[in-house]
Number of protein chains: 2
Amino acid sequence: MRITVLAGGVGAARFLGGLKRAAPDAEITVIGNTGDDITLFGLRVCPDLDTVMYTLGGGINTEQGWGRADESFTIRAELDAYDASPDWFTLGDRDFATHILRSQLLASGQPLSAVTEVLCRRWQPGVRLLPMSDDPVETHVVLSDEAGRRTVVHFQEWWVRMRAETPAAEITAVGAAQAVPAPGVLDAIGGADLLLFPPSNPVVSIGTILAVPGIRAAVAAKTVVGVSPIIGGSPVRGMADACLAAIGVATSAAAVGAHYGPGLINGWLVDEQDKAAADDPALAGIEVRALPLYMRDLPATTAIARAAVDLALELARGQA
Amino acid sequence: MRITVLAGGVGAARFLGGLKRAAPDAEITVIGNTGDDITLFGLRVCPDLDTVMYTLGGGINTEQGWGRADESFTIRAELDAYDASPDWFTLGDRDFATHILRSQLLASGQPLSAVTEVLCRRWQPGVRLLPMSDDPVETHVVLSDEAGRRTVVHFQEWWVRMRAETPAAEITAVGAAQAVPAPGVLDAIGGADLLLFPPSNPVVSIGTILAVPGIRAAVAAKTVVGVSPIIGGSPVRGMADACLAAIGVATSAAAVGAHYGPGLINGWLVDEQDKAAADDPALAGIEVRALPLYMRDLPATTAIARAAVDLALELARGQA
């Protein structure tokens, strides 16, 4: 069985850990969001790809869900001593090594997909990890002050430094329209038996991947089951509500499912407390199932992944 | 008093510590060798500039003479886990931070001289530290095997990986002929009351600086006193003998003094055990003084620096 997953960072990485357990014999391809990528201190940082790679490869800081386990912060302290900026993005020493090597390989002319493969040779994540595109795409956030003056910041600056407290007037994936899917991406979608959307941010993770020309249409042609990142009106993790507000989508499982829509997804898993979504007319044409969606541990996460796979297989059989 | 010093790495840095004590009111400008510079993991490493900066700024590992005090090697271990090469050059985490920031600033378009100034803002070395040139110069070593096949390696590969055990057929400063002295270099030489050559490598440190067009002539026009890096037929530190062999100069205080020659240096400090050099006809036209030259501690080093300054002042008065 071939399963392809569009993935953001922490939520997707946890979900994938469950999926590997739920479908141990499946060939899993992960198409990772690169819109969060940022160049810091001249080094290319790919937070979502790394979170997936570290998590599935056993190198993640499991407490915080991102960054390396057993991490130290010597370089960050040194850069502070040099008054280097930005000072709002903290990278650990182990993590820095990944970015140093990635940047070196990119500078030598290798595309991000090839570099990611090199990095995964060490981590052996047990999935094929592809960036959505080898072309640079950066999510930028447009902020508008009371006088209507607009400023644009990198997504990471809004998310990390500003903690998404200033409302986003607009969120744009700069470069997405000109980007080409990375080698293997369209094949991994077209050749998949089923596609899954983990509970990743629908705007800046899944949404950004879908913004790369060719990907949305390829995904729409397949059986897709998504897992709601919203439970009971709140994001399970992160500040997805701030992103949803920017695109005028309510922070509810039903609204996110409807945002994807029946043209894109066939099945939608919501938490038990959101089971009313099954009767929401906005979700007509989408098979909604309610189950416990908190990924509190690996067994719970495995059960969620299994439910997603089972629903997708059921829907695929129905379509066939 | 304005003193300008052409400097390599460890020996020069120690000498400069003594010079700051010997001439506390002098304005000292250091023209640093950049021929040892190398790009590792995509980062620009300037070993000689950093050794001077760290030593005078109090950040050096005093035991080994180079690298940072209180250093850790997390990044190196991570790069090893990625099988990254080269594996023969070990950089510590604190040191990495310097190279990361330097590379970021260079990539932003700032010349090495400006970047060095930024780094020195933190270290406050108490001297003005200038790279010999903003243009890349890299010392390469030509090796010749028994069959006469020539291979070329970067100086650092020969020095660090091969420990200079394979004889060098030739040592070339690639890019030196096209390089331009960095801003301030020629002024610092022309405006100096006296010039000093610390006991740096005459081939790959002082020699490389002198290979930048314009520097040798500017130096030759001034009162220059050098300190022999050879004591009793051996380099005090490092493997200068291997470099001298490549240019056909004997490993002796007299031979190195004669190599610089009376057209370049006016005074030459040798160790007491080399005092016979004073009568060596090869050193005719150079004022030779013998004194203890081992820089075993700061007082000893200060005495050597004081002797160099005193001799230079004496010779300058004689010339005036």
# chains A, B, ... in the order shown; residues from 1 in each chain; ligands from 1
>>> interface_residues(of="chain B", to="chain A", cutoff="7 Å", atoms="only C-alpha atoms", output="VMD selection string")
chain B and resid 41 to 42 74 to 75 78 to 79 81 to 82 93 to 94 97 100 to 101 104 119 122
>>> write_last_selection(atoms="all heavy atoms", output="tab-separated table (two decimals), in the first residue's frame")
chain	number	residue	atom	x	y	z
B	41	PHE	N	32.71	23.34	5.17
B	41	PHE	CA	31.26	23.22	5.38
B	41	PHE	C	30.55	24.50	4.94
B	41	PHE	O	29.57	24.93	5.54
B	41	PHE	CB	30.95	22.90	6.85
B	41	PHE	CG	31.77	21.75	7.36
B	41	PHE	CD1	32.78	21.96	8.29
B	41	PHE	CD2	31.58	20.48	6.86
B	41	PHE	CE1	33.55	20.90	8.73
B	41	PHE	CE2	32.35	19.42	7.29
B	41	PHE	CZ	33.34	19.63	8.23
B	42	GLY	N	31.10	25.12	3.90
B	42	GLY	CA	30.50	26.33	3.36
B	42	GLY	C	30.79	27.57	4.17
B	42	GLY	O	30.30	28.66	3.84
B	74	THR	N	30.21	19.71	19.77
B	74	THR	CA	28.93	19.11	19.40
B	74	THR	C	28.72	19.11	17.90
B	74	THR	O	28.30	18.10	17.31
B	74	THR	CB	27.78	19.89	20.08
B	74	THR	OG1	28.02	19.91	21.48
B	74	THR	CG2	26.44	19.27	19.77
B	75	ILE	N	28.99	20.22	17.27
B	75	ILE	CA	28.74	20.33	15.83
B	75	ILE	C	29.62	19.36	15.05
B	75	ILE	O	29.17	18.70	14.12
B	75	ILE	CB	28.97	21.78	15.37
B	75	ILE	CG1	27.89	22.64	15.99
B	75	ILE	CG2	29.00	21.86	13.85
B	75	ILE	CD1	27.60	23.87	15.25
B	78	GLU	N	28.16	16.02	15.26
B	78	GLU	CA	26.96	15.93	14.42
B	78	GLU	C	27.36	15.78	12.95
B	78	GLU	O	26.78	14.99	12.22
B	78	GLU	CB	26.09	17.18	14.58
B	78	GLU	CG	25.37	17.24	15.91
B	78	GLU	CD	24.24	16.22	15.99
B	78	GLU	OE1	23.55	15.99	15.00
B	78	GLU	OE2	24.08	15.63	17.08
B	79	LEU	N	28.33	16.57	12.51
B	79	LEU	CA	28.76	16.49	11.12
B	79	LEU	C	29.35	15.10	10.84
B	79	LEU	O	29.14	14.54	9.77
B	79	LEU	CB	29.78	17.59	10.81
B	79	LEU	CG	29.18	19.01	10.78
B	79	LEU	CD1	30.29	20.06	10.69
B	79	LEU	CD2	28.21	19.18	9.61
B	81	ALA	N	28.32	12.42	12.29
B	81	ALA	CA	27.16	11.53	12.21
B	81	ALA	C	26.52	11.61	10.82
B	81	ALA	O	25.90	10.66	10.36
B	81	ALA	CB	26.15	11.87	13.30
B	82	TYR	N	26.69	12.76	10.17
B	82	TYR	CA	26.18	12.93	8.80
B	82	TYR	C	27.21	12.47	7.77
B	82	TYR	O	26.97	12.60	6.58
B	82	TYR	CB	25.85	14.40	8.53
B	82	TYR	CG	24.51	14.87	9.06
B	82	TYR	CD1	24.43	15.87	10.02
B	82	TYR	CD2	23.33	14.33	8.56
B	82	TYR	CE1	23.21	16.33	10.49
B	82	TYR	CE2	22.10	14.79	9.02
B	82	TYR	CZ	22.05	15.79	9.98
B	82	TYR	OH	20.84	16.23	10.44
B	93	ASP	N	32.55	24.40	18.75
B	93	ASP	CA	31.25	25.07	18.63
B	93	ASP	C	31.39	26.60	18.73
B	93	ASP	O	30.79	27.34	17.94
B	93	ASP	CB	30.30	24.59	19.72
B	93	ASP	CG	30.01	23.09	19.59
B	93	ASP	OD1	30.05	22.58	18.46
B	93	ASP	OD2	29.74	22.45	20.63
B	94	ARG	N	32.17	27.06	19.70
B	94	ARG	CA	32.33	28.51	19.85
B	94	ARG	C	32.99	29.11	18.62
B	94	ARG	O	32.61	30.17	18.13
B	94	ARG	CB	33.18	28.83	21.08
B	94	ARG	CG	32.50	28.50	22.38
B	94	ARG	CD	33.35	28.92	23.58
B	94	ARG	NE	32.85	28.35	24.81
B	94	ARG	CZ	31.82	28.84	25.50
B	94	ARG	NH1	31.21	29.93	25.10
B	94	ARG	NH2	31.40	28.26	26.59
B	97	ALA	N	30.71	29.53	15.64
B	97	ALA	CA	29.85	30.72	15.67
B	97	ALA	C	30.54	31.89	14.96
B	97	ALA	O	29.90	32.64	14.21
B	97	ALA	CB	29.51	31.10	17.11
B	100	ILE	N	30.32	31.22	11.26
B	100	ILE	CA	28.94	31.40	10.78
B	100	ILE	C	28.67	32.89	10.56
B	100	ILE	O	28.20	33.30	9.51
B	100	ILE	CB	27.93	30.80	11.79
B	100	ILE	CG1	28.01	29.26	11.76
B	100	ILE	CG2	26.51	31.28	11.50
B	100	ILE	CD1	27.23	28.59	12.89
B	101	LEU	N	29.01	33.69	11.57
B	101	LEU	CA	28.74	35.12	11.44
B	101	LEU	C	29.60	35.74	10.33
B	101	LEU	O	29.10	36.54	9.53
B	101	LEU	CB	28.99	35.81	12.79
B	101	LEU	CG	28.72	37.32	12.81
B	101	LEU	CD1	27.28	37.63	12.39
B	101	LEU	CD2	29.00	37.89	14.20
B	104	GLN	N	28.15	34.84	7.01
B	104	GLN	CA	26.90	35.57	6.76
B	104	GLN	C	27.21	36.99	6.31
B	104	GLN	O	26.64	37.49	5.33
B	104	GLN	CB	26.06	35.62	8.04
B	104	GLN	CG	24.76	36.40	7.89
B	104	GLN	CD	24.08	36.69	9.22
B	104	GLN	OE1	24.66	36.51	10.29
B	104	GLN	NE2	22.85	37.16	9.14
B	119	LEU	N	33.79	41.65	13.98
B	119	LEU	CA	34.14	40.61	14.95
B	119	LEU	C	34.98	41.19	16.09
B	119	LEU	O	34.82	40.82	17.25
B	119	LEU	CB	34.89	39.47	14.26
B	119	LEU	CG	34.12	38.72	13.15
B	119	LEU	CD1	35.01	37.67	12.48
B	119	LEU	CD2	32.85	38.06	13.69
B	122	ARG	N	33.52	42.81	19.30
B	122	ARG	CA	33.30	41.97	20.49
B	122	ARG	C	34.60	41.73	21.24
B	122	ARG	O	34.62	41.82	22.47
B	122	ARG	CB	32.71	40.62	20.07
B	122	ARG	CG	32.74	39.63	21.22
B	122	ARG	CD	32.20	38.27	20.83
B	122	ARG	NE	32.31	37.35	21.94
B	122	ARG	CZ	32.12	36.05	21.86
B	122	ARG	NH1	31.79	35.53	20.69
B	122	ARG	NH2	32.25	35.28	22.92
>>> residues_around(residues="Gly267 in chain B", least_positions_apart="5", cutoff="7 Å", atoms="only C-alpha atoms", output="list in words")
Val224, Val225, Gly226, Ile286, Glu287, Val288, Leu311 and Ala312 of chain B
>>> residues_around(residues="Pro167 in chain A", least_positions_apart="6", cutoff="9 Å", atoms="only C-alpha atoms", output="list in words")
Val142, Leu143, Ser144, Ala242, Cys243, Ala245 and Ala246 of chain A
>>> residues_around(residues="Ile28 in chain B", least_positions_apart="4", cutoff="10 Å", atoms="only C-alpha atoms", output="list in words")
Met1, Arg2, Ile3, Thr4, Val5, Leu16, Leu19, Lys20, Ala23, Pro24, Gly126, Val127, Arg128, Leu129, Ala188, Ala192 and Leu195 of chain B
>>> closest_residue(among="B:Lys222, B:Thr251, B:Asp25, B:Pro292", to="Gly191 in chain B", atoms="only C-alpha atoms")
B:Lys222
>>> residues_around(residues="range 58-70 of chain A", least_positions_apart="4", cutoff="10 Å", atoms="only C-alpha atoms", output="VMD selection string")
chain A and resid 9 to 11 13 to 14 47 to 48 50 to 54 90 to 96 123 to 125
>>> closest_residue(among="A:Ile31, A:Pro202, A:Thr208, A:Ala250", to="Ser228 in chain A", atoms="only C-alpha atoms")
A:Pro202
>>> select_by_dssp(residues="range 31-141 of chain A", states="strand (DSSP E or B)", output="PDB file with C-alpha atoms, in the first residue's frame")
ATOM      1  CA  ILE A  31       5.512  15.838   1.063  1.00  0.00           C
ATOM      2  CA  GLY A  32       6.828  18.457   3.432  1.00  0.00           C
ATOM      3  CA  ILE A  38      14.055  30.791   6.546  1.00  0.00           C
ATOM      4  CA  THR A  39      17.643  31.872   6.083  1.00  0.00           C
ATOM      5  CA  LEU A  40      19.172  32.679   9.463  1.00  0.00           C
ATOM      6  CA  LEU A  43      22.075  29.209   6.863  1.00  0.00           C
ATOM      7  CA  ARG A  44      18.977  27.647   5.360  1.00  0.00           C
ATOM      8  CA  VAL A  45      16.625  26.358   8.018  1.00  0.00           C
ATOM      9  CA  ILE A  60      13.543  15.008  18.354  1.00  0.00           C
ATOM     10  CA  ARG A  68      16.941  18.134  18.888  1.00  0.00           C
ATOM     11  CA  ARG A 128      10.422   8.970   1.895  1.00  0.00           C
ATOM     12  CA  LEU A 129      10.629  12.654   2.766  1.00  0.00           C
ATOM     13  CA  LEU A 130      10.275  15.090  -0.113  1.00  0.00           C
ATOM     14  CA  PRO A 131      10.128  18.863   0.053  1.00  0.00           C
ATOM     15  CA  SER A 133       9.383  22.010  -4.127  1.00  0.00           C
ATOM     16  CA  GLU A 138       8.568  31.649   1.832  1.00  0.00           C
ATOM     17  CA  THR A 139       5.377  32.366   3.689  1.00  0.00           C
ATOM     18  CA  HIS A 140       5.097  36.054   4.443  1.00  0.00           C
ATOM     19  CA  VAL A 141       2.542  37.728   6.646  1.00  0.00           C
TER      20      VAL A 141
END
>>> closest_residue(among="B:Ala254, B:Leu269, B:Thr172, B:Ser113", to="Ala303 in chain B", atoms="only C-alpha atoms")
B:Leu269
>>> closest_residue(among="A:Leu194, A:Val185, A:Ile230, A:Ala307", to="Gln319 in chain A", atoms="only C-alpha atoms")
A:Leu194
>>> atom_distance(atom1="CA of Lys275 in chain A", atom2="CA of Val249 in chain A")
18.9 Å
>>> atom_distance(atom1="CA of Asp241 in chain B", atom2="CA of Leu264 in chain B")
21.1 Å
>>> residues_around(residues="Asp297 in chain B", least_positions_apart="4", cutoff="10 Å", atoms="only C-alpha atoms", output="list of chain:residue names")
B:Arg14, B:Gly18, B:Thr301, B:Thr302
>>> closest_residue(among="A:Glu170, A:Gly17, A:Leu313, A:Ala22", to="Thr55 in chain A", atoms="only C-alpha atoms")
A:Gly17
>>> atom_distance(atom1="CA of Thr166 in chain B", atom2="CA of Leu6 in chain B")
27.8 Å
>>> select_by_dssp(residues="range 144-284 of chain A", states="helix (DSSP H, G or I)", output="PyMOL selection string")
chain A and resi 155-161+185-190+206-210+215-220+240-246+253-260+272-279+281-283
